[in-house]
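Engineer: You'll find upload.cif just under this line, and it carries mmCIF, C-alpha atoms.
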data_work
#
loop_
_atom_site.group_PDB
_atom_site.id
_atom_site.type_symbol
_atom_site.label_atom_id
_atom_site.label_comp_id
_atom_site.auth_asym_id
_atom_site.auth_seq_id
_atom_site.Cartn_x
_atom_site.Cartn_y
_atom_site.Cartn_z
ATOM 1 C CA MET A 204 -93.469 57.799 153.206
ATOM 2 C CA SER A 205 -90.602 59.829 153.851
ATOM 3 C CA GLN A 206 -90.574 58.303 157.194
ATOM 4 C CA LEU A 207 -90.559 54.900 155.651
ATOM 5 C CA LEU A 208 -87.684 55.804 153.460
ATOM 6 C CA ASN A 209 -85.885 57.133 156.441
ATOM 7 C CA LEU A 210 -86.625 54.000 158.334
ATOM 8 C CA ALA A 211 -85.516 51.837 155.431
ATOM 9 C CA ALA A 212 -82.429 53.899 155.011
ATOM 10 C CA GLU A 213 -81.719 53.510 158.653
ATOM 11 C CA THR A 214 -82.176 49.735 158.587
ATOM 12 C CA GLU A 215 -79.865 49.203 155.612
ATOM 13 C CA ASN A 216 -76.303 48.572 156.517
ATOM 14 C CA PRO A 217 -73.919 50.189 154.053
ATOM 15 C CA LEU A 218 -71.356 47.420 154.586
ATOM 16 C CA VAL A 219 -73.718 44.603 153.655
ATOM 17 C CA PRO A 220 -74.838 44.790 150.041
ATOM 18 C CA PRO A 221 -78.334 43.900 149.038
ATOM 19 C CA ILE A 222 -79.050 40.201 148.287
ATOM 20 C CA PRO A 223 -79.812 40.582 144.563
ATOM 21 C CA GLU A 224 -76.488 42.354 144.059
ATOM 22 C CA LEU A 225 -74.771 39.613 145.995
ATOM 23 C CA VAL A 226 -76.327 36.896 143.841
ATOM 24 C CA ILE A 227 -75.515 38.710 140.589
ATOM 25 C CA GLY A 228 -71.950 39.363 141.768
ATOM 26 C CA PHE A 229 -71.558 35.733 142.829
ATOM 27 C CA LEU A 230 -72.871 34.471 139.449
ATOM 28 C CA ALA A 231 -70.548 36.844 137.581
ATOM 29 C CA PHE A 232 -67.632 35.631 139.697
ATOM 30 C CA VAL A 233 -68.446 31.960 139.001
ATOM 31 C CA ILE A 234 -68.748 32.655 135.255
ATOM 32 C CA VAL A 235 -65.410 34.541 135.133
ATOM 33 C CA PHE A 236 -63.732 31.929 137.340
ATOM 34 C CA GLY A 237 -65.132 29.063 135.205
ATOM 35 C CA PHE A 238 -63.932 30.781 132.025
ATOM 36 C CA LEU A 239 -60.462 31.358 133.479
ATOM 37 C CA ALA A 240 -60.321 27.780 134.819
ATOM 38 C CA LYS A 241 -61.293 26.319 131.403
ATOM 39 C CA LYS A 242 -59.176 28.541 129.145
ATOM 40 C CA LEU A 243 -56.339 30.159 131.093
ATOM 41 C CA LEU A 244 -55.498 27.604 133.777
ATOM 42 C CA PRO A 245 -54.536 24.779 131.331
ATOM 43 C CA ASN A 246 -52.209 27.176 129.469
ATOM 44 C CA ILE A 247 -50.653 28.286 132.747
ATOM 45 C CA ASN A 248 -50.218 24.666 133.883
ATOM 46 C CA LYS A 249 -48.739 23.755 130.498
ATOM 47 C CA VAL A 250 -46.167 26.566 130.687
ATOM 48 C CA LEU A 251 -45.357 25.657 134.291
ATOM 49 C CA ASP A 252 -44.893 21.980 133.319
ATOM 50 C CA GLN A 253 -42.619 22.982 130.432
ATOM 51 C CA ARG A 254 -40.537 25.155 132.728
ATOM 52 C CA ARG A 255 -40.337 22.397 135.345
ATOM 53 C CA GLU A 256 -39.295 19.876 132.672
ATOM 54 C CA ALA A 257 -36.728 22.320 131.267
ATOM 55 C CA ILE A 258 -35.324 22.974 134.725
ATOM 56 C CA GLU A 259 -35.270 19.274 135.638
ATOM 57 C CA GLY A 260 -33.806 18.395 132.218
ATOM 58 C CA GLY A 261 -31.180 21.095 132.632
ATOM 59 C CA MET A 262 -30.325 19.779 136.062
ATOM 60 C CA GLU A 263 -30.123 16.231 134.707
ATOM 61 C CA LYS A 264 -27.918 17.451 131.855
ATOM 62 C CA ALA A 265 -25.787 19.368 134.322
ATOM 63 C CA ASP A 266 -25.468 16.258 136.522
ATOM 64 C CA ALA A 267 -24.600 14.145 133.473
ATOM 65 C CA ALA A 268 -22.061 16.735 132.325
ATOM 66 C CA LYS A 269 -20.595 16.847 135.825
ATOM 67 C CA LEU A 270 -20.291 13.046 135.926
ATOM 68 C CA GLU A 271 -18.724 13.025 132.471
ATOM 69 C CA ALA A 272 -16.305 15.801 133.472
ATOM 70 C CA GLU A 273 -15.340 13.844 136.590
ATOM 71 C CA SER A 274 -14.858 10.717 134.484
ATOM 72 C CA VAL A 275 -12.666 12.600 132.004
ATOM 73 C CA LEU A 276 -10.721 14.140 134.883
ATOM 74 C CA GLU A 277 -10.093 10.691 136.353
ATOM 75 C CA GLN A 278 -8.959 9.447 132.933
ATOM 76 C CA TYR A 279 -6.571 12.385 132.585
ATOM 77 C CA LYS A 280 -5.233 11.766 136.073
ATOM 78 C CA ALA A 281 -4.715 8.085 135.247
ATOM 79 C CA GLN A 282 -3.010 8.976 131.961
ATOM 80 C CA LEU A 283 -0.831 11.518 133.731
ATOM 81 C CA ALA A 284 0.159 8.975 136.372
ATOM 82 C CA GLU A 285 0.888 6.437 133.637
ATOM 83 C CA ALA A 286 2.948 9.001 131.712
ATOM 84 C CA ARG A 287 4.927 9.846 134.846
ATOM 85 C CA HIS A 288 5.521 6.147 135.482
ATOM 86 C CA GLU A 289 6.617 5.656 131.860
ATOM 87 C CA ALA A 290 8.936 8.675 132.071
ATOM 88 C CA ALA A 291 10.499 7.300 135.254
ATOM 89 C CA ARG A 292 10.942 3.906 133.597
ATOM 90 C CA LEU A 293 12.526 5.491 130.506
ATOM 91 C CA ARG A 294 14.793 7.597 132.702
ATOM 92 C CA GLN A 295 15.875 4.459 134.585
ATOM 93 C CA GLU A 296 16.505 2.604 131.311
ATOM 94 C CA ALA A 297 18.534 5.540 129.985
ATOM 95 C CA GLN A 298 20.634 5.595 133.152
ATOM 96 C CA GLU A 299 21.203 1.847 132.909
ATOM 97 C CA GLN A 300 22.093 2.105 129.213
ATOM 98 C CA GLY A 301 24.413 5.021 129.968
ATOM 99 C CA ALA A 302 26.148 3.055 132.711
ATOM 100 C CA ALA A 303 26.459 0.028 130.397
ATOM 101 C CA LEU A 304 27.830 2.238 127.622
ATOM 102 C CA ILE A 305 30.348 3.812 129.986
ATOM 103 C CA THR A 306 31.450 0.366 131.160
ATOM 104 C CA GLU A 307 31.695 -0.828 127.579
ATOM 105 C CA MET A 308 33.674 2.241 126.518
ATOM 106 C CA ARG A 309 36.034 1.820 129.484
ATOM 107 C CA ALA A 310 36.577 -1.812 128.572
ATOM 108 C CA GLU A 311 37.194 -0.833 124.928
ATOM 109 C CA GLY A 312 39.603 1.895 126.046
ATOM 110 C CA GLN A 313 41.403 -0.579 128.309
ATOM 111 C CA ARG A 314 41.636 -3.086 125.440
ATOM 112 C CA GLN A 315 42.985 -0.422 123.069
ATOM 113 C CA ARG A 316 45.443 0.715 125.716
ATOM 114 C CA GLU A 317 46.642 -2.855 126.171
ATOM 115 C CA GLU A 318 47.013 -3.221 122.384
ATOM 116 C CA ILE A 319 48.982 0.029 122.173
ATOM 117 C CA ILE A 320 51.223 -1.024 125.071
ATOM 118 C CA ALA A 321 51.752 -4.466 123.521
ATOM 119 C CA ALA A 322 52.520 -2.894 120.151
ATOM 120 C CA GLY A 323 54.908 -0.470 121.889
ATOM 121 C CA HIS A 324 56.666 -3.333 123.677
ATOM 122 C CA THR A 325 56.922 -5.254 120.425
ATOM 123 C CA GLN A 326 58.285 -2.220 118.604
ATOM 124 C CA LEU A 327 60.645 -1.483 121.490
ATOM 125 C CA GLU A 328 61.916 -5.075 121.432
ATOM 126 C CA ALA A 329 62.380 -4.923 117.655
ATOM 127 C CA ASP A 330 64.192 -1.567 117.973
ATOM 128 C CA ARG A 331 66.353 -2.986 120.783
ATOM 129 C CA LYS A 332 67.257 -6.024 118.684
ATOM 130 C CA GLN A 333 68.010 -3.820 115.679
ATOM 131 C CA ALA A 334 70.122 -1.493 117.829
ATOM 132 C CA ALA A 335 71.922 -4.508 119.338
ATOM 133 C CA GLN A 336 72.559 -5.912 115.854
ATOM 134 C CA SER A 337 73.787 -2.556 114.602
ATOM 135 C CA LEU A 338 75.922 -2.117 117.704
ATOM 136 C CA ARG A 339 77.248 -5.655 117.324
ATOM 137 C CA GLN A 340 78.266 -4.912 113.735
ATOM 138 C CA ASP A 341 79.858 -1.588 114.652
ATOM 139 C CA VAL A 342 81.651 -3.051 117.674
ATOM 140 C CA GLY A 343 82.688 -6.050 115.554
ATOM 141 C CA LYS A 344 84.116 -3.790 112.872
ATOM 142 C CA LEU A 345 85.975 -1.688 115.447
ATOM 143 C CA ALA A 346 87.165 -4.785 117.275
ATOM 144 C CA THR A 347 88.385 -6.355 114.036
ATOM 145 C CA ASP A 348 90.209 -3.199 113.062
ATOM 146 C CA LEU A 349 91.765 -2.924 116.516
ATOM 147 C CA ALA A 350 92.626 -6.618 116.644
ATOM 148 C CA GLY A 351 94.132 -6.380 113.170
ATOM 149 C CA LYS A 352 96.326 -3.485 114.301
ATOM 150 C CA LEU A 353 97.355 -5.296 117.476
ATOM 151 C CA VAL A 354 98.062 -8.635 115.831
ATOM 152 C CA GLY A 355 99.606 -7.013 112.891
ATOM 153 C CA GLU A 356 97.799 -9.039 110.331
ATOM 154 C CA SER A 357 94.652 -8.266 108.491
ATOM 155 C CA LEU A 358 91.454 -9.873 109.602
ATOM 156 C CA GLU A 359 89.663 -9.136 106.395
ATOM 157 C CA ASP A 360 88.310 -12.620 105.937
ATOM 158 C CA HIS A 361 84.627 -12.220 106.666
ATOM 159 C CA ALA A 362 83.980 -15.660 108.156
ATOM 160 C CA ARG A 363 86.970 -15.389 110.468
ATOM 161 C CA GLN A 364 85.965 -11.881 111.352
ATOM 162 C CA SER A 365 82.384 -12.933 112.276
ATOM 163 C CA ARG A 366 83.631 -15.796 114.451
ATOM 164 C CA THR A 367 86.095 -13.571 116.244
ATOM 165 C CA VAL A 368 83.514 -10.845 116.845
ATOM 166 C CA ASP A 369 80.874 -13.312 118.028
ATOM 167 C CA ARG A 370 83.323 -14.966 120.410
ATOM 168 C CA PHE A 371 84.367 -11.571 121.771
ATOM 169 C CA LEU A 372 80.781 -10.400 122.287
ATOM 170 C CA ASP A 373 79.759 -13.680 123.897
ATOM 171 C CA GLU A 374 82.617 -13.286 126.380
ATOM 172 C CA LEU A 375 81.461 -9.744 127.144
ATOM 173 C CA GLU A 376 77.869 -10.901 127.722
ATOM 174 C CA GLU A 377 79.075 -13.683 130.050
ATOM 175 C CA LYS A 378 81.127 -11.209 132.060
ATOM 176 C CA ALA A 379 78.133 -8.829 132.251
ATOM 177 C CA GLU A 380 75.846 -11.597 133.483
ATOM 178 C CA ALA A 381 78.391 -12.788 136.018
ATOM 179 C CA ALA A 382 78.726 -9.235 137.319
ATOM 180 C CA ARG A 383 75.017 -9.009 138.051
#
Would you mind writing the structure in this file as C-alpha cells?

Structural biologist:
Amino acid sequence: MSQLLNLAAETENPLVPPIPELVIGFLAFVIVFGFLAKKLLPNINKVLDQRREAIEGGMEKADAAKLEAESVLEQYKAQLAEARHEAARLRQEAQEQGAALITEMRAEGQRQREEIIAAGHTQLEADRKQAAQSLRQDVGKLATDLAGKLVGESLEDHARQSRTVDRFLDELEEKAEAAR
C-alpha cells in the first residue's frame, strides 16, 4: 500500500487541484458572484449613474452659464458702444451749442457796441451843439460889447443885438465854408 500511495502521490499534479475541490470552489464562486451581482452591482450602477448625471448636468449648467455670460458680455459691449455713440453725439451737440452761443454773444456784443457808438455820437452832437450855442452867445456878447465900443452907442437892445450877432456869425460861417 505504501507503494500505492507513492504511486498515487506521484500521479497527482500539485498544480491541478482535485475535481471535487474544483466543483466546490466553482459553486462557491457562482454563489458569491450571484450575490454580488444581485445586491452590490445595482448599487454600484446607481451611484455611477448619479455621478454621470451630476457630471453631465454640471457640464450642461456650465455650458448654459457660459452662453449666458457670453450673452451678457455682448449686451454690455452693445451698451458700451451705444454709450460711446451717445457721448460723441452729446459732445458734438455741446460744441454746436457752444459755437452758436459764441456767435450769438458776438452779435449781441456788436449790437451793444453799435448802440454805445450811436449814443456817443448823439451825445457828441448834442455837446457840440450846446458848445456852439454857448460859444455863439459868448462871441455875440463880446461882439456886441466890441461893436458898442467901436460905434460909440450902446447895443443893449436884445432884439437888435441878436440880429447883429446872428448876421455876424452867418458871415463868418460863409467865409469858413468858402475857404474850404

Engineer: With only C-alpha atoms as the atoms that count, which of A:Arg309, A:Lys264, A:Arg287, A:Arg339 lies nearest to Glu376 (chain A)?

Structural biologist: A:Arg339

Engineer: At what distance in Å, to one decimal, does CA of Glu277 (chain A) lie from CA of Arg292 (chain A)?

Structural biologist: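 So the answer is 22.3 Å.
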
Engineer: Figure out the distance between CA of Val368 (chain A) and CA of Lys332 (chain A), please, to one decimal in Å.

Structural biologist: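 About the pair CA of Lys332 (chain A) and CA of Val368 (chain A): they are 17.1 Å apart.
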
Engineer: Is it possible to add all heavy atoms to region 277-288 of chain A and hand it back as a JSON list (two decimals), keeping the file's coordinate frame?

Structural biologist:
[["chain", "number", "residue", "atom", "x", "y", "z"],
["A", 277, "GLU", "N", -10.72, 11.91, 135.84],
["A", 277, "GLU", "CA", -10.09, 10.69, 136.35],
["A", 277, "GLU", "C", -9.24, 10.03, 135.28],
["A", 277, "GLU", "O", -8.15, 9.54, 135.55],
["A", 277, "GLU", "CB", -11.16, 9.72, 136.88],
["A", 277, "GLU", "CG", -11.82, 10.17, 138.16],
["A", 277, "GLU", "CD", -10.84, 10.36, 139.30],
["A", 277, "GLU", "OE1", -9.93, 9.53, 139.45],
["A", 277, "GLU", "OE2", -10.97, 11.37, 140.02],
["A", 278, "GLN", "N", -9.74, 10.02, 134.03],
["A", 278, "GLN", "CA", -8.96, 9.45, 132.93],
["A", 278, "GLN", "C", -7.67, 10.23, 132.73],
["A", 278, "GLN", "O", -6.60, 9.64, 132.54],
["A", 278, "GLN", "CB", -9.78, 9.44, 131.63],
["A", 278, "GLN", "CG", -10.89, 8.43, 131.61],
["A", 278, "GLN", "CD", -11.73, 8.53, 130.34],
["A", 278, "GLN", "OE1", -11.57, 9.46, 129.55],
["A", 278, "GLN", "NE2", -12.64, 7.58, 130.16],
["A", 279, "TYR", "N", -7.77, 11.56, 132.75],
["A", 279, "TYR", "CA", -6.57, 12.38, 132.58],
["A", 279, "TYR", "C", -5.59, 12.15, 133.72],
["A", 279, "TYR", "O", -4.38, 12.07, 133.50],
["A", 279, "TYR", "CB", -6.93, 13.87, 132.49],
["A", 279, "TYR", "CG", -7.54, 14.27, 131.17],
["A", 279, "TYR", "CD1", -8.53, 15.22, 131.10],
["A", 279, "TYR", "CD2", -7.12, 13.70, 129.97],
["A", 279, "TYR", "CE1", -9.09, 15.60, 129.89],
["A", 279, "TYR", "CE2", -7.68, 14.06, 128.76],
["A", 279, "TYR", "CZ", -8.65, 15.01, 128.73],
["A", 279, "TYR", "OH", -9.21, 15.39, 127.53],
["A", 280, "LYS", "N", -6.11, 12.03, 134.94],
["A", 280, "LYS", "CA", -5.23, 11.77, 136.07],
["A", 280, "LYS", "C", -4.55, 10.42, 135.91],
["A", 280, "LYS", "O", -3.35, 10.29, 136.19],
["A", 280, "LYS", "CB", -6.02, 11.81, 137.39],
["A", 280, "LYS", "CG", -6.37, 13.21, 137.84],
["A", 280, "LYS", "CD", -7.13, 13.20, 139.16],
["A", 280, "LYS", "CE", -7.49, 14.60, 139.62],
["A", 280, "LYS", "NZ", -8.24, 14.57, 140.89],
["A", 281, "ALA", "N", -5.29, 9.42, 135.46],
["A", 281, "ALA", "CA", -4.72, 8.09, 135.25],
["A", 281, "ALA", "C", -3.67, 8.13, 134.13],
["A", 281, "ALA", "O", -2.58, 7.55, 134.27],
["A", 281, "ALA", "CB", -5.81, 7.08, 134.90],
["A", 282, "GLN", "N", -3.97, 8.85, 133.05],
["A", 282, "GLN", "CA", -3.01, 8.98, 131.96],
["A", 282, "GLN", "C", -1.77, 9.73, 132.42],
["A", 282, "GLN", "O", -0.65, 9.37, 132.05],
["A", 282, "GLN", "CB", -3.64, 9.69, 130.77],
["A", 282, "GLN", "CG", -4.66, 8.85, 130.03],
["A", 282, "GLN", "CD", -5.35, 9.63, 128.92],
["A", 282, "GLN", "OE1", -5.19, 10.85, 128.80],
["A", 282, "GLN", "NE2", -6.14, 8.94, 128.11],
["A", 283, "LEU", "N", -1.96, 10.75, 133.22],
["A", 283, "LEU", "CA", -0.83, 11.52, 133.73],
["A", 283, "LEU", "C", 0.04, 10.66, 134.63],
["A", 283, "LEU", "O", 1.27, 10.68, 134.54],
["A", 283, "LEU", "CB", -1.33, 12.75, 134.49],
["A", 283, "LEU", "CG", -0.27, 13.69, 135.06],
["A", 283, "LEU", "CD1", 0.60, 14.26, 133.93],
["A", 283, "LEU", "CD2", -0.92, 14.82, 135.83],
["A", 284, "ALA", "N", -0.60, 9.87, 135.50],
["A", 284, "ALA", "CA", 0.16, 8.98, 136.37],
["A", 284, "ALA", "C", 0.90, 7.94, 135.54],
["A", 284, "ALA", "O", 2.08, 7.63, 135.80],
["A", 284, "ALA", "CB", -0.78, 8.30, 137.37],
["A", 285, "GLU", "N", 0.25, 7.42, 134.51],
["A", 285, "GLU", "CA", 0.89, 6.44, 133.64],
["A", 285, "GLU", "C", 2.06, 7.08, 132.90],
["A", 285, "GLU", "O", 3.13, 6.46, 132.76],
["A", 285, "GLU", "CB", -0.13, 5.89, 132.63],
["A", 285, "GLU", "CG", 0.41, 4.80, 131.74],
["A", 285, "GLU", "CD", -0.65, 4.27, 130.80],
["A", 285, "GLU", "OE1", -1.83, 4.25, 131.16],
["A", 285, "GLU", "OE2", -0.27, 3.86, 129.69],
["A", 286, "ALA", "N", 1.87, 8.30, 132.42],
["A", 286, "ALA", "CA", 2.95, 9.00, 131.71],
["A", 286, "ALA", "C", 4.13, 9.27, 132.64],
["A", 286, "ALA", "O", 5.29, 9.12, 132.25],
["A", 286, "ALA", "CB", 2.42, 10.32, 131.13],
["A", 287, "ARG", "N", 3.84, 9.63, 133.88],
["A", 287, "ARG", "CA", 4.93, 9.85, 134.85],
["A", 287, "ARG", "C", 5.67, 8.55, 135.12],
["A", 287, "ARG", "O", 6.89, 8.52, 135.21],
["A", 287, "ARG", "CB", 4.37, 10.42, 136.15],
["A", 287, "ARG", "CG", 4.00, 11.87, 136.04],
["A", 287, "ARG", "CD", 3.48, 12.41, 137.34],
["A", 287, "ARG", "NE", 3.15, 13.82, 137.21],
["A", 287, "ARG", "CZ", 2.29, 14.46, 137.96],
["A", 287, "ARG", "NH1", 1.68, 13.82, 138.93],
["A", 287, "ARG", "NH2", 2.04, 15.73, 137.77],
["A", 288, "HIS", "N", 4.90, 7.46, 135.25],
["A", 288, "HIS", "CA", 5.52, 6.15, 135.48],
["A", 288, "HIS", "C", 6.39, 5.75, 134.28],
["A", 288, "HIS", "O", 7.52, 5.28, 134.44],
["A", 288, "HIS", "CB", 4.43, 5.10, 135.73],
["A", 288, "HIS", "CG", 4.96, 3.73, 135.94],
["A", 288, "HIS", "ND1", 5.69, 3.37, 137.06],
["A", 288, "HIS", "CD2", 4.92, 2.62, 135.14],
["A", 288, "HIS", "CE1", 6.04, 2.10, 136.95],
["A", 288, "HIS", "NE2", 5.59, 1.63, 135.80]]
